[in-house]
$ cat work.cif   # mmCIF, C-alpha atoms and all ligand atoms
data_data
#
loop_
_atom_site.group_PDB
_atom_site.id
_atom_site.type_symbol
_atom_site.label_atom_id
_atom_site.label_comp_id
_atom_site.auth_asym_id
_atom_site.auth_seq_id
_atom_site.Cartn_x
_atom_site.Cartn_y
_atom_site.Cartn_z
ATOM 1 C CA MET A 1 3.851 -12.607 14.152
ATOM 2 C CA THR A 2 7.315 -13.155 12.660
ATOM 3 C CA PHE A 3 8.301 -11.140 9.632
ATOM 4 C CA ASP A 4 7.569 -12.806 6.298
ATOM 5 C CA PRO A 5 9.826 -11.500 3.514
ATOM 6 C CA LYS A 6 8.093 -13.382 0.691
ATOM 7 C CA ILE A 7 6.611 -11.485 -2.260
ATOM 8 C CA LYS A 8 3.117 -10.264 -1.416
ATOM 9 C CA ILE A 9 0.447 -8.941 -3.778
ATOM 10 C CA ALA A 10 -1.812 -6.218 -2.372
ATOM 11 C CA PRO A 11 -4.689 -5.375 -4.733
ATOM 12 C CA SER A 12 -5.856 -1.775 -4.435
ATOM 13 C CA ILE A 13 -9.629 -1.579 -4.141
ATOM 14 C CA LEU A 14 -9.464 1.818 -5.809
ATOM 15 C CA ALA A 15 -9.914 -0.249 -8.982
ATOM 16 C CA ALA A 16 -12.807 -2.331 -7.569
ATOM 17 C CA ASP A 17 -16.557 -1.846 -8.069
ATOM 18 C CA PHE A 18 -17.392 0.904 -5.543
ATOM 19 C CA SER A 19 -20.988 -0.355 -5.261
ATOM 20 C CA ASN A 20 -19.829 -3.799 -4.173
ATOM 21 C CA PHE A 21 -16.759 -3.449 -1.954
ATOM 22 C CA GLY A 22 -17.567 -6.256 0.488
ATOM 23 C CA ALA A 23 -17.882 -8.857 -2.259
ATOM 24 C CA GLU A 24 -14.844 -7.444 -4.063
ATOM 25 C CA CYS A 25 -12.658 -7.822 -0.945
ATOM 26 C CA ARG A 26 -13.862 -11.387 -0.398
ATOM 27 C CA ALA A 27 -13.232 -12.203 -4.046
ATOM 28 C CA ILE A 28 -9.646 -10.949 -4.211
ATOM 29 C CA GLU A 29 -8.693 -12.732 -1.000
ATOM 30 C CA ALA A 30 -10.262 -15.978 -2.228
ATOM 31 C CA GLN A 31 -8.286 -15.538 -5.433
ATOM 32 C CA GLY A 32 -4.905 -15.248 -3.744
ATOM 33 C CA ALA A 33 -4.416 -11.641 -2.634
ATOM 34 C CA ASP A 34 -2.028 -11.428 0.314
ATOM 35 C CA TRP A 35 -3.185 -8.021 1.596
ATOM 36 C CA VAL A 36 -6.075 -5.694 0.745
ATOM 37 C CA HIS A 37 -4.791 -2.179 -0.033
ATOM 38 C CA VAL A 38 -7.260 0.581 0.845
ATOM 39 C CA ASP A 39 -6.582 4.046 -0.626
ATOM 40 C CA VAL A 40 -8.029 6.864 1.486
ATOM 41 C CA MET A 41 -8.090 10.231 -0.326
ATOM 42 C CA ASP A 42 -9.389 13.597 0.818
ATOM 43 C CA GLY A 43 -9.520 15.853 -2.254
ATOM 44 C CA HIS A 44 -6.977 18.120 -0.544
ATOM 45 C CA PHE A 45 -3.711 16.236 -0.074
ATOM 46 C CA VAL A 46 -4.472 14.514 -3.389
ATOM 47 C CA PRO A 47 -6.848 15.629 -6.155
ATOM 48 C CA ASN A 48 -9.396 12.842 -5.615
ATOM 49 C CA ILE A 49 -11.820 11.741 -2.883
ATOM 50 C CA THR A 50 -12.517 8.130 -1.938
ATOM 51 C CA PHE A 51 -13.790 7.246 1.533
ATOM 52 C CA GLY A 52 -13.127 7.538 5.244
ATOM 53 C CA PRO A 53 -13.027 5.515 8.455
ATOM 54 C CA ALA A 54 -16.699 4.497 8.313
ATOM 55 C CA MET A 55 -16.113 2.740 5.008
ATOM 56 C CA CYS A 56 -12.984 1.056 6.391
ATOM 57 C CA ALA A 57 -14.984 -0.195 9.392
ATOM 58 C CA ALA A 58 -17.677 -1.505 7.044
ATOM 59 C CA LEU A 59 -15.059 -3.340 4.966
ATOM 60 C CA ARG A 60 -13.299 -4.890 7.944
ATOM 61 C CA PRO A 61 -15.622 -7.934 8.348
ATOM 62 C CA HIS A 62 -15.124 -8.754 4.659
ATOM 63 C CA ILE A 63 -11.311 -8.947 4.948
ATOM 64 C CA LYS A 64 -9.855 -12.019 6.659
ATOM 65 C CA GLY A 65 -6.221 -11.007 6.322
ATOM 66 C CA ILE A 66 -4.310 -7.741 6.361
ATOM 67 C CA MET A 67 -6.141 -4.465 5.776
ATOM 68 C CA ASP A 68 -3.387 -2.192 4.477
ATOM 69 C CA VAL A 69 -4.642 1.388 4.689
ATOM 70 C CA HIS A 70 -2.814 4.060 2.684
ATOM 71 C CA LEU A 71 -3.765 7.474 4.011
ATOM 72 C CA MET A 72 -3.559 10.331 1.516
ATOM 73 C CA ILE A 73 -5.120 12.938 3.790
ATOM 74 C CA GLN A 74 -3.973 16.173 5.382
ATOM 75 C CA PRO A 75 -3.870 16.867 8.266
ATOM 76 C CA ILE A 76 -3.054 13.288 9.182
ATOM 77 C CA ASP A 77 -2.686 13.199 12.965
ATOM 78 C CA PRO A 78 -6.316 13.950 13.950
ATOM 79 C CA PHE A 79 -7.549 10.929 11.960
ATOM 80 C CA LEU A 80 -5.112 8.185 12.945
ATOM 81 C CA GLU A 81 -7.185 6.949 15.867
ATOM 82 C CA ALA A 82 -10.365 6.723 13.784
ATOM 83 C CA PHE A 83 -8.661 4.551 11.157
ATOM 84 C CA ALA A 84 -7.101 2.401 13.870
ATOM 85 C CA LYS A 85 -10.540 1.899 15.437
ATOM 86 C CA ALA A 86 -11.928 1.092 11.979
ATOM 87 C CA GLY A 87 -9.762 -2.028 12.048
ATOM 88 C CA ALA A 88 -6.795 -1.193 9.837
ATOM 89 C CA ASP A 89 -3.765 -3.437 10.353
ATOM 90 C CA HIS A 90 -1.334 -1.054 8.684
ATOM 91 C CA LEU A 91 -1.535 2.724 8.549
ATOM 92 C CA THR A 92 0.738 4.308 5.964
ATOM 93 C CA VAL A 93 1.284 8.053 6.022
ATOM 94 C CA HIS A 94 3.024 10.642 3.845
ATOM 95 C CA PRO A 95 5.609 12.910 5.501
ATOM 96 C CA GLU A 96 4.092 15.969 3.772
ATOM 97 C CA ALA A 97 0.722 15.341 5.437
ATOM 98 C CA GLY A 98 1.645 16.461 8.942
ATOM 99 C CA PRO A 99 4.185 18.548 10.824
ATOM 100 C CA HIS A 100 6.091 15.704 12.561
ATOM 101 C CA ILE A 101 6.373 12.437 10.708
ATOM 102 C CA HIS A 102 8.283 10.743 13.545
ATOM 103 C CA ARG A 103 5.471 11.590 15.936
ATOM 104 C CA SER A 104 2.788 10.322 13.518
ATOM 105 C CA LEU A 105 4.621 7.005 13.220
ATOM 106 C CA GLN A 106 4.950 6.771 17.012
ATOM 107 C CA THR A 107 1.212 7.402 17.313
ATOM 108 C CA ILE A 108 0.395 4.600 14.871
ATOM 109 C CA ARG A 109 2.513 2.134 16.853
ATOM 110 C CA ALA A 110 0.953 3.356 20.104
ATOM 111 C CA LEU A 111 -2.455 2.592 18.591
ATOM 112 C CA GLY A 112 -1.257 -0.993 18.135
ATOM 113 C CA LYS A 113 -0.909 -0.816 14.348
ATOM 114 C CA LYS A 114 1.958 -1.314 11.915
ATOM 115 C CA ALA A 115 3.421 1.972 10.770
ATOM 116 C CA GLY A 116 4.129 2.752 7.132
ATOM 117 C CA LEU A 117 5.887 5.666 5.440
ATOM 118 C CA ALA A 118 4.804 6.559 1.877
ATOM 119 C CA ILE A 119 7.308 8.368 -0.322
ATOM 120 C CA ASN A 120 6.075 10.363 -3.303
ATOM 121 C CA PRO A 121 7.995 10.358 -6.583
ATOM 122 C CA GLY A 122 9.449 13.806 -5.871
ATOM 123 C CA THR A 123 10.249 13.125 -2.219
ATOM 124 C CA ASP A 124 13.775 12.409 -1.049
ATOM 125 C CA ILE A 125 14.560 9.506 1.292
ATOM 126 C CA GLY A 126 17.054 11.434 3.415
ATOM 127 C CA MET A 127 14.733 11.183 6.426
ATOM 128 C CA VAL A 128 14.534 7.381 6.383
ATOM 129 C CA PRO A 129 17.635 6.536 8.488
ATOM 130 C CA TYR A 130 16.151 8.616 11.297
ATOM 131 C CA LEU A 131 12.806 6.806 11.118
ATOM 132 C CA LEU A 132 13.863 3.177 10.666
ATOM 133 C CA ASP A 133 13.183 2.232 14.273
ATOM 134 C CA GLN A 134 9.597 3.482 13.929
ATOM 135 C CA LEU A 135 8.814 1.700 10.674
ATOM 136 C CA ASP A 136 7.165 -1.570 9.709
ATOM 137 C CA LEU A 137 6.680 -0.658 6.048
ATOM 138 C CA ILE A 138 8.000 1.759 3.450
ATOM 139 C CA CYS A 139 5.795 2.446 0.428
ATOM 140 C CA VAL A 140 7.546 3.807 -2.656
ATOM 141 C CA MET A 141 5.058 5.632 -4.846
ATOM 142 C CA THR A 142 5.789 4.917 -8.492
ATOM 143 C CA VAL A 143 3.047 7.329 -9.610
ATOM 144 C CA ASN A 144 1.909 10.600 -8.097
ATOM 145 C CA PRO A 145 -0.801 9.672 -5.600
ATOM 146 C CA GLY A 146 -4.455 10.328 -6.377
ATOM 147 C CA PHE A 147 -5.507 8.025 -9.169
ATOM 148 C CA GLY A 148 -5.281 4.427 -10.282
ATOM 149 C CA GLY A 149 -4.263 3.379 -13.760
ATOM 150 C CA GLN A 150 -1.322 5.780 -14.186
ATOM 151 C CA SER A 151 1.978 4.888 -15.848
ATOM 152 C CA PHE A 152 4.785 3.451 -13.755
ATOM 153 C CA LEU A 153 7.684 5.843 -13.157
ATOM 154 C CA ASP A 154 10.977 4.083 -13.848
ATOM 155 C CA SER A 155 12.750 7.045 -12.249
ATOM 156 C CA GLN A 156 11.840 5.552 -8.845
ATOM 157 C CA LEU A 157 13.777 2.301 -9.271
ATOM 158 C CA PRO A 158 17.054 3.679 -7.819
ATOM 159 C CA LYS A 159 15.051 4.814 -4.790
ATOM 160 C CA ILE A 160 13.750 1.278 -4.250
ATOM 161 C CA ARG A 161 17.306 -0.044 -4.464
ATOM 162 C CA ALA A 162 18.592 2.567 -2.013
ATOM 163 C CA LEU A 163 15.815 1.774 0.463
ATOM 164 C CA ARG A 164 16.534 -1.958 0.264
ATOM 165 C CA GLN A 165 20.130 -1.148 1.274
ATOM 166 C CA LEU A 166 18.971 1.047 4.144
ATOM 167 C CA ILE A 167 16.492 -1.558 5.403
ATOM 168 C CA GLY A 168 19.106 -4.327 5.424
ATOM 169 C CA ASP A 169 17.787 -7.264 7.439
ATOM 170 C CA ARG A 170 15.299 -5.239 9.467
ATOM 171 C CA PRO A 171 11.711 -6.588 9.510
ATOM 172 C CA ILE A 172 10.410 -3.785 7.289
ATOM 173 C CA ASP A 173 8.276 -4.444 4.206
ATOM 174 C CA LEU A 174 9.300 -2.537 1.072
ATOM 175 C CA GLN A 175 6.137 -1.842 -0.871
ATOM 176 C CA VAL A 176 5.722 -0.358 -4.342
ATOM 177 C CA ASP A 177 2.495 1.433 -5.273
ATOM 178 C CA GLY A 178 1.459 2.700 -8.696
ATOM 179 C CA GLY A 179 1.514 1.241 -12.175
ATOM 180 C CA VAL A 180 2.590 -2.214 -11.020
ATOM 181 C CA SER A 181 1.690 -4.790 -13.664
ATOM 182 C CA VAL A 182 2.955 -7.874 -15.429
ATOM 183 C CA ASP A 183 5.261 -5.523 -17.352
ATOM 184 C CA THR A 184 6.793 -3.736 -14.352
ATOM 185 C CA ALA A 185 6.705 -6.332 -11.527
ATOM 186 C CA ALA A 186 10.076 -7.896 -12.339
ATOM 187 C CA ARG A 187 11.815 -4.507 -12.232
ATOM 188 C CA VAL A 188 10.460 -3.563 -8.812
ATOM 189 C CA VAL A 189 11.257 -6.936 -7.268
ATOM 190 C CA ALA A 190 14.743 -6.951 -8.804
ATOM 191 C CA ALA A 191 15.241 -3.525 -7.208
ATOM 192 C CA GLY A 192 14.344 -4.992 -3.801
ATOM 193 C CA ALA A 193 10.605 -4.568 -3.254
ATOM 194 C CA ASN A 194 8.670 -7.386 -1.553
ATOM 195 C CA VAL A 195 5.088 -6.018 -1.563
ATOM 196 C CA LEU A 196 3.392 -5.107 -4.837
ATOM 197 C CA VAL A 197 0.272 -2.947 -4.755
ATOM 198 C CA ALA A 198 -1.723 -3.307 -7.968
ATOM 199 C CA GLY A 199 -5.110 -1.851 -8.837
ATOM 200 C CA ALA A 200 -5.849 -1.830 -12.541
ATOM 201 C CA ALA A 201 -3.633 -4.866 -13.210
ATOM 202 C CA VAL A 202 -5.540 -7.049 -10.714
ATOM 203 C CA PHE A 203 -9.116 -5.923 -11.317
ATOM 204 C CA LYS A 204 -9.114 -5.652 -15.112
ATOM 205 C CA GLY A 205 -11.443 -8.084 -16.827
ATOM 206 C CA GLY A 206 -12.954 -9.467 -13.612
ATOM 207 C CA SER A 207 -15.797 -8.794 -11.193
ATOM 208 C CA ALA A 208 -17.123 -10.246 -7.937
ATOM 209 C CA ASP A 209 -19.271 -12.501 -10.164
ATOM 210 C CA LYS A 210 -16.284 -13.415 -12.321
ATOM 211 C CA PRO A 211 -13.515 -13.603 -9.726
ATOM 212 C CA GLU A 212 -11.376 -16.180 -11.562
ATOM 213 C CA GLU A 213 -10.043 -13.315 -13.644
ATOM 214 C CA TYR A 214 -8.687 -11.703 -10.465
ATOM 215 C CA GLY A 215 -6.908 -14.950 -9.615
ATOM 216 C CA HIS A 216 -5.503 -15.167 -13.095
ATOM 217 C CA ASN A 217 -4.228 -11.571 -12.927
ATOM 218 C CA ILE A 218 -2.692 -12.070 -9.458
ATOM 219 C CA ARG A 219 -0.907 -15.240 -10.573
ATOM 220 C CA ARG A 220 0.430 -13.559 -13.694
ATOM 221 C CA ILE A 221 1.884 -10.705 -11.620
ATOM 222 C CA ARG A 222 3.427 -13.193 -9.170
ATOM 223 C CA VAL A 223 5.055 -15.174 -11.965
ATOM 224 C CA ALA A 224 6.280 -11.996 -13.675
ATOM 225 C CA ALA A 225 7.716 -10.758 -10.361
ATOM 226 C CA LEU A 226 9.976 -13.753 -9.981
ATOM 227 C CA PRO A 227 11.183 -14.758 -13.435
ATOM 228 C CA SER A 228 12.955 -18.108 -13.288
HETATM 229 C C1 LIG B 301 -2.576 5.906 -6.049
HETATM 230 C C2 LIG B 301 -2.869 4.772 -5.108
HETATM 231 C C3 LIG B 301 -2.571 3.435 -5.647
HETATM 232 C C4 LIG B 301 -3.356 3.075 -6.867
HETATM 233 C C5 LIG B 301 -2.638 2.025 -7.627
HETATM 234 O O1 LIG B 301 -2.744 7.096 -5.370
HETATM 235 O O2 LIG B 301 -2.132 4.920 -3.919
HETATM 236 O O3 LIG B 301 -2.729 2.447 -4.636
HETATM 237 O O4 LIG B 301 -4.635 2.621 -6.567
HETATM 238 O O5 LIG B 301 -3.375 1.766 -8.773
HETATM 239 P P1 LIG B 301 -2.705 1.189 -10.099
HETATM 240 O O6 LIG B 301 -2.118 -0.137 -9.735
HETATM 241 O O7 LIG B 301 -3.861 1.072 -11.027
HETATM 242 O O8 LIG B 301 -1.667 2.175 -10.534
HETATM 243 ZN ZN ZN B 302 -2.082 3.242 -2.466
#
$ encode --input "work.cif" --output "structure tokens"
Amino acid sequence: MTFDPKIKIAPSILAADFSNFGAECRAIEAQGADWVHVDVMDGHFVPNITFGPAMCAALRPHIKGIMDVHLMIQPIDPFLEAFAKAGADHLTVHPEAGPHIHRSLQTIRALGKKAGLAINPGTDIGMVPYLLDQLDLICVMTVNPGFGGQSFLDSQLPKIRALRQLIGDRPIDLQVDGGVSVDTAARVVAAGANVLVAGAAVFKGGSADKPEEYGHNIRRIRVAALPS
């Protein structure tokens, strides 16, 4: 598939109804989500636990498009194959979660998946030039990972701008994750991001039975992202 640089909205199901994930995934896609962002947490790398590969495999039939799996687990390498087999399209990993980030990214590509690098708010991007050839996606964390609904960190905007420069015209998505909303979307897109993860801002006010609200929220973020 050729690279598509258009703005994409990736709702994080961390903010969905955990008792109804299949219907929630179908609802957000029907309401205009471009990707489904799946936050995997282990209670060790981050101070929260969500779910593992079995849940991802169970979700897979409910997602028609891209299943964008953000792995916040340590160690990372022993679990990459399981998440690949669970049907993820993208596997995004944190450099702190394993001993050799370059090797982890190579493994993801070898498993036939797109490889993403997630960069925490306190993490420097000095490694990125040495990883560019292994990357399909860079995820700039604009909150500390672990929880939805946190406040966006403006301190990360120069990092987004610097990464856009480094990426140049390479087919690498520049994703922003954490606190993205109608209020912050324009800033991240102006800085160079093209994929917006949003949990609270997409799911607020809606449900699988009331999905129009998801569509409304997604459209509002899209409009805010590209002010005319
Ligand atoms: C945080 C997760 C995010 C989170 C975003 O660790 O990686 O994907 O769900 O949620 P909001 O958009 O509510 O900040
Ligand atoms: Zn995430």
$ residues_near_point --input "work.cif" --point "(10.9, -14.1, -4.9)" --cutoff "8 Å" --atoms "only C-alpha atoms" --output "list of chain:residue names"
A:Lys6, A:Ile7, A:Val189, A:Asn194, A:Ala225, A:Leu226
$ resolve_selection --input "work.cif" --expression "the PyMOL selection byres (((chain A and resi 169-182) around 7) and not hetatm)" --output "MDAnalysis selection string"
chainID A and resid 3 135:143 149:152 167:168 183:185 193:198 201 220:221 224
$ atom_distance --input "work.cif" --atom1 "atom CA of Phe21 of chain A" --atom2 "atom CA of Phe51 of chain A"
11.6 Å
$ atom_distance --input "work.cif" --atom1 "atom CA of Phe18 of chain A" --atom2 "atom C3 of ligand LIG 301 (chain B)"
15.0 Å
$ closest_residue --input "work.cif" --among "A:Ala58, A:Ala10, A:Ala190, A:Ala16" --to "Val36 of chain A" --atoms "all atoms listed in the file"
A:Ala10
$ resolve_selection --input "work.cif" --expression "the PyMOL selection byres (((chain A and resi 66-76) around 8) and not hetatm)" --output "PyMOL selection string"
chain A and resi 34-42+44-46+60+63-65+77-80+87-94+97-98+104+145-146
$ residues_around --input "work.cif" --residues "Leu59 of chain A" --least-positions-apart "3" --cutoff "9 Å" --atoms "only C-alpha atoms" --output "list in words"
Phe21, Gly22, Cys25, Ala54, Met55, Cys56, His62, Ile63, Ala86 and Gly87 of chain A
$ closest_residue --input "work.cif" --among "A:Ala118, A:Leu111, A:His102, A:Ala27" --to "Asp133 of chain A" --atoms "all atoms listed in the file"
A:His102
$ closest_residue --input "work.cif" --among "A:Ile28, A:Leu157, A:Ile119, A:Ala82" --to "ligand ZN 302 (chain B)" --atoms "all atoms listed in the file"
A:Ile119
$ residues_near_point --input "work.cif" --point "(9.7, 15.3, -6.7)" --cutoff "12 Å" --atoms "only C-alpha atoms" --output "list in words"
Glu96, Ile119, Asn120, Pro121, Gly122, Thr123, Asp124, Ile125, Met141, Thr142, Val143, Asn144, Pro145, Leu153, Ser155, Gln156 and Lys159 of chain A
$ residues_around --input "work.cif" --residues "Gly192 of chain A" --least-positions-apart "5" --cutoff "8 Å" --atoms "all atoms listed in the file" --output "PDB file with C-alpha atoms, in the coordinates of the input"
ATOM      1  CA  ILE A 160      13.750   1.278  -4.250  1.00  0.00           C
ATOM      2  CA  ARG A 161      17.306  -0.044  -4.464  1.00  0.00           C
ATOM      3  CA  ARG A 164      16.534  -1.958   0.264  1.00  0.00           C
ATOM      4  CA  LEU A 174       9.300  -2.537   1.072  1.00  0.00           C
TER       5      LEU A 174
END
$ atom_distance --input "work.cif" --atom1 "atom CA of Asn20 of chain A" --atom2 "atom CA of Arg222 of chain A"
25.6 Å
$ resolve_selection --input "work.cif" --expression "the PyMOL selection byres (((chain A and resi 199) around 7) and not hetatm)" --output "JSON, numbers by chain"
{"A": [11, 12, 13, 14, 15, 148, 197, 198, 200, 201, 202, 203]}
$ axis_aligned_box --input "work.cif" --around "ligand LIG 301 (chain B)" --padding-each-side "4 Å" --output "AutoDock Vina command-line options"
--center_x -3.2 --center_y 3.5 --center_z -7.5 --size_x 11.0 --size_y 15.2 --size_z 15.1
$ decode --input "work.cif" --residues "segment 34-134 of chain A" --atoms "C-alpha atoms" --output "mmCIF file, in the first residue's frame"
data_model
loop_
_atom_site.group_PDB
_atom_site.id
_atom_site.type_symbol
_atom_site.label_atom_id
_atom_site.label_comp_id
_atom_site.auth_asym_id
_atom_site.auth_seq_id
_atom_site.Cartn_x
_atom_site.Cartn_y
_atom_site.Cartn_z
ATOM 1 C CA ASP A 34 -9.141 5.961 10.409
ATOM 2 C CA TRP A 35 -7.285 3.572 12.742
ATOM 3 C CA VAL A 36 -8.160 1.819 16.006
ATOM 4 C CA HIS A 37 -5.495 2.505 18.659
ATOM 5 C CA VAL A 38 -5.083 -0.318 21.178
ATOM 6 C CA ASP A 39 -3.150 0.485 24.381
ATOM 7 C CA VAL A 40 -1.492 -2.576 25.920
ATOM 8 C CA MET A 41 -0.258 -1.990 29.491
ATOM 9 C CA ASP A 42 1.419 -4.363 31.917
ATOM 10 C CA GLY A 43 1.387 -2.679 35.339
ATOM 11 C CA HIS A 44 5.197 -2.720 35.256
ATOM 12 C CA PHE A 45 6.429 -0.534 32.402
ATOM 13 C CA VAL A 46 3.449 1.729 33.131
ATOM 14 C CA PRO A 47 1.357 1.953 36.311
ATOM 15 C CA ASN A 48 -1.808 0.462 34.791
ATOM 16 C CA ILE A 49 -2.922 -2.886 33.343
ATOM 17 C CA THR A 50 -5.181 -3.290 30.317
ATOM 18 C CA PHE A 51 -5.078 -6.465 28.231
ATOM 19 C CA GLY A 52 -2.866 -8.788 26.230
ATOM 20 C CA PRO A 53 -2.653 -10.641 22.923
ATOM 21 C CA ALA A 54 -5.782 -12.736 23.523
ATOM 22 C CA MET A 55 -7.881 -9.590 23.741
ATOM 23 C CA CYS A 56 -6.228 -8.198 20.600
ATOM 24 C CA ALA A 57 -7.035 -11.433 18.742
ATOM 25 C CA ALA A 58 -10.637 -11.224 19.954
ATOM 26 C CA LEU A 59 -10.901 -7.621 18.733
ATOM 27 C CA ARG A 60 -9.394 -8.314 15.325
ATOM 28 C CA PRO A 61 -12.625 -9.505 13.601
ATOM 29 C CA HIS A 62 -14.376 -6.331 14.775
ATOM 30 C CA ILE A 63 -11.827 -4.001 13.119
ATOM 31 C CA LYS A 64 -11.994 -3.660 9.332
ATOM 32 C CA GLY A 65 -9.101 -1.240 8.999
ATOM 33 C CA ILE A 66 -5.820 -0.686 10.801
ATOM 34 C CA MET A 67 -5.295 -2.133 14.273
ATOM 35 C CA ASP A 68 -2.631 0.151 15.733
ATOM 36 C CA VAL A 69 -1.196 -1.560 18.807
ATOM 37 C CA HIS A 70 0.790 0.547 21.279
ATOM 38 C CA LEU A 71 2.807 -1.741 23.520
ATOM 39 C CA MET A 72 3.614 -0.379 26.973
ATOM 40 C CA ILE A 73 5.138 -3.590 28.304
ATOM 41 C CA GLN A 74 8.558 -4.658 29.521
ATOM 42 C CA PRO A 75 10.288 -6.828 28.470
ATOM 43 C CA ILE A 76 9.044 -6.225 24.948
ATOM 44 C CA ASP A 77 10.858 -8.715 22.721
ATOM 45 C CA PRO A 78 9.319 -11.965 24.056
ATOM 46 C CA PHE A 79 5.802 -10.707 23.247
ATOM 47 C CA LEU A 80 6.178 -9.262 19.752
ATOM 48 C CA GLU A 81 5.297 -12.491 17.975
ATOM 49 C CA ALA A 82 2.145 -13.016 20.046
ATOM 50 C CA PHE A 83 0.830 -9.545 19.187
ATOM 51 C CA ALA A 84 1.724 -10.052 15.532
ATOM 52 C CA LYS A 85 -0.202 -13.343 15.528
ATOM 53 C CA ALA A 86 -3.103 -11.575 17.256
ATOM 54 C CA GLY A 87 -3.531 -9.565 14.061
ATOM 55 C CA ALA A 88 -1.994 -6.184 14.833
ATOM 56 C CA ASP A 89 -1.119 -4.112 11.763
ATOM 57 C CA HIS A 90 1.237 -1.794 13.621
ATOM 58 C CA LEU A 91 3.347 -2.603 16.657
ATOM 59 C CA THR A 92 4.717 0.441 18.450
ATOM 60 C CA VAL A 93 7.388 -0.012 21.094
ATOM 61 C CA HIS A 94 9.192 2.181 23.626
ATOM 62 C CA PRO A 95 13.008 2.207 23.559
ATOM 63 C CA GLU A 96 13.119 1.841 27.366
ATOM 64 C CA ALA A 97 11.204 -1.449 27.189
ATOM 65 C CA GLY A 98 14.007 -3.621 25.840
ATOM 66 C CA PRO A 99 17.779 -3.752 25.527
ATOM 67 C CA HIS A 100 18.063 -3.182 21.742
ATOM 68 C CA ILE A 101 15.464 -0.980 20.133
ATOM 69 C CA HIS A 102 16.922 -1.442 16.637
ATOM 70 C CA ARG A 103 16.591 -5.197 17.001
ATOM 71 C CA SER A 104 12.992 -4.939 18.279
ATOM 72 C CA LEU A 105 12.064 -2.840 15.247
ATOM 73 C CA GLN A 106 13.769 -5.333 12.918
ATOM 74 C CA THR A 107 11.791 -8.131 14.566
ATOM 75 C CA ILE A 108 8.491 -6.317 14.019
ATOM 76 C CA ARG A 109 9.250 -5.863 10.316
ATOM 77 C CA ALA A 110 10.351 -9.499 10.063
ATOM 78 C CA LEU A 111 6.965 -10.477 11.498
ATOM 79 C CA GLY A 112 5.383 -8.625 8.572
ATOM 80 C CA LYS A 113 4.096 -5.682 10.615
ATOM 81 C CA LYS A 114 4.660 -1.931 10.520
ATOM 82 C CA ALA A 115 7.146 -0.814 13.133
ATOM 83 C CA GLY A 116 6.531 2.134 15.429
ATOM 84 C CA LEU A 117 8.752 3.919 17.945
ATOM 85 C CA ALA A 118 7.045 5.615 20.923
ATOM 86 C CA ILE A 119 8.873 8.484 22.599
ATOM 87 C CA ASN A 120 7.986 9.433 26.163
ATOM 88 C CA PRO A 121 7.855 13.076 27.237
ATOM 89 C CA GLY A 122 11.231 12.805 28.979
ATOM 90 C CA THR A 123 12.917 10.814 26.216
ATOM 91 C CA ASP A 124 15.334 12.423 23.789
ATOM 92 C CA ILE A 125 15.093 11.831 20.033
ATOM 93 C CA GLY A 126 18.842 11.528 19.485
ATOM 94 C CA MET A 127 18.435 7.870 18.503
ATOM 95 C CA VAL A 128 15.966 8.550 15.684
ATOM 96 C CA PRO A 129 18.422 9.226 12.808
ATOM 97 C CA TYR A 130 19.906 5.786 13.421
ATOM 98 C CA LEU A 131 16.496 4.094 13.317
ATOM 99 C CA LEU A 132 14.796 5.860 10.406
ATOM 100 C CA ASP A 133 15.316 2.986 7.989
ATOM 101 C CA GLN A 134 13.539 0.629 10.404
#
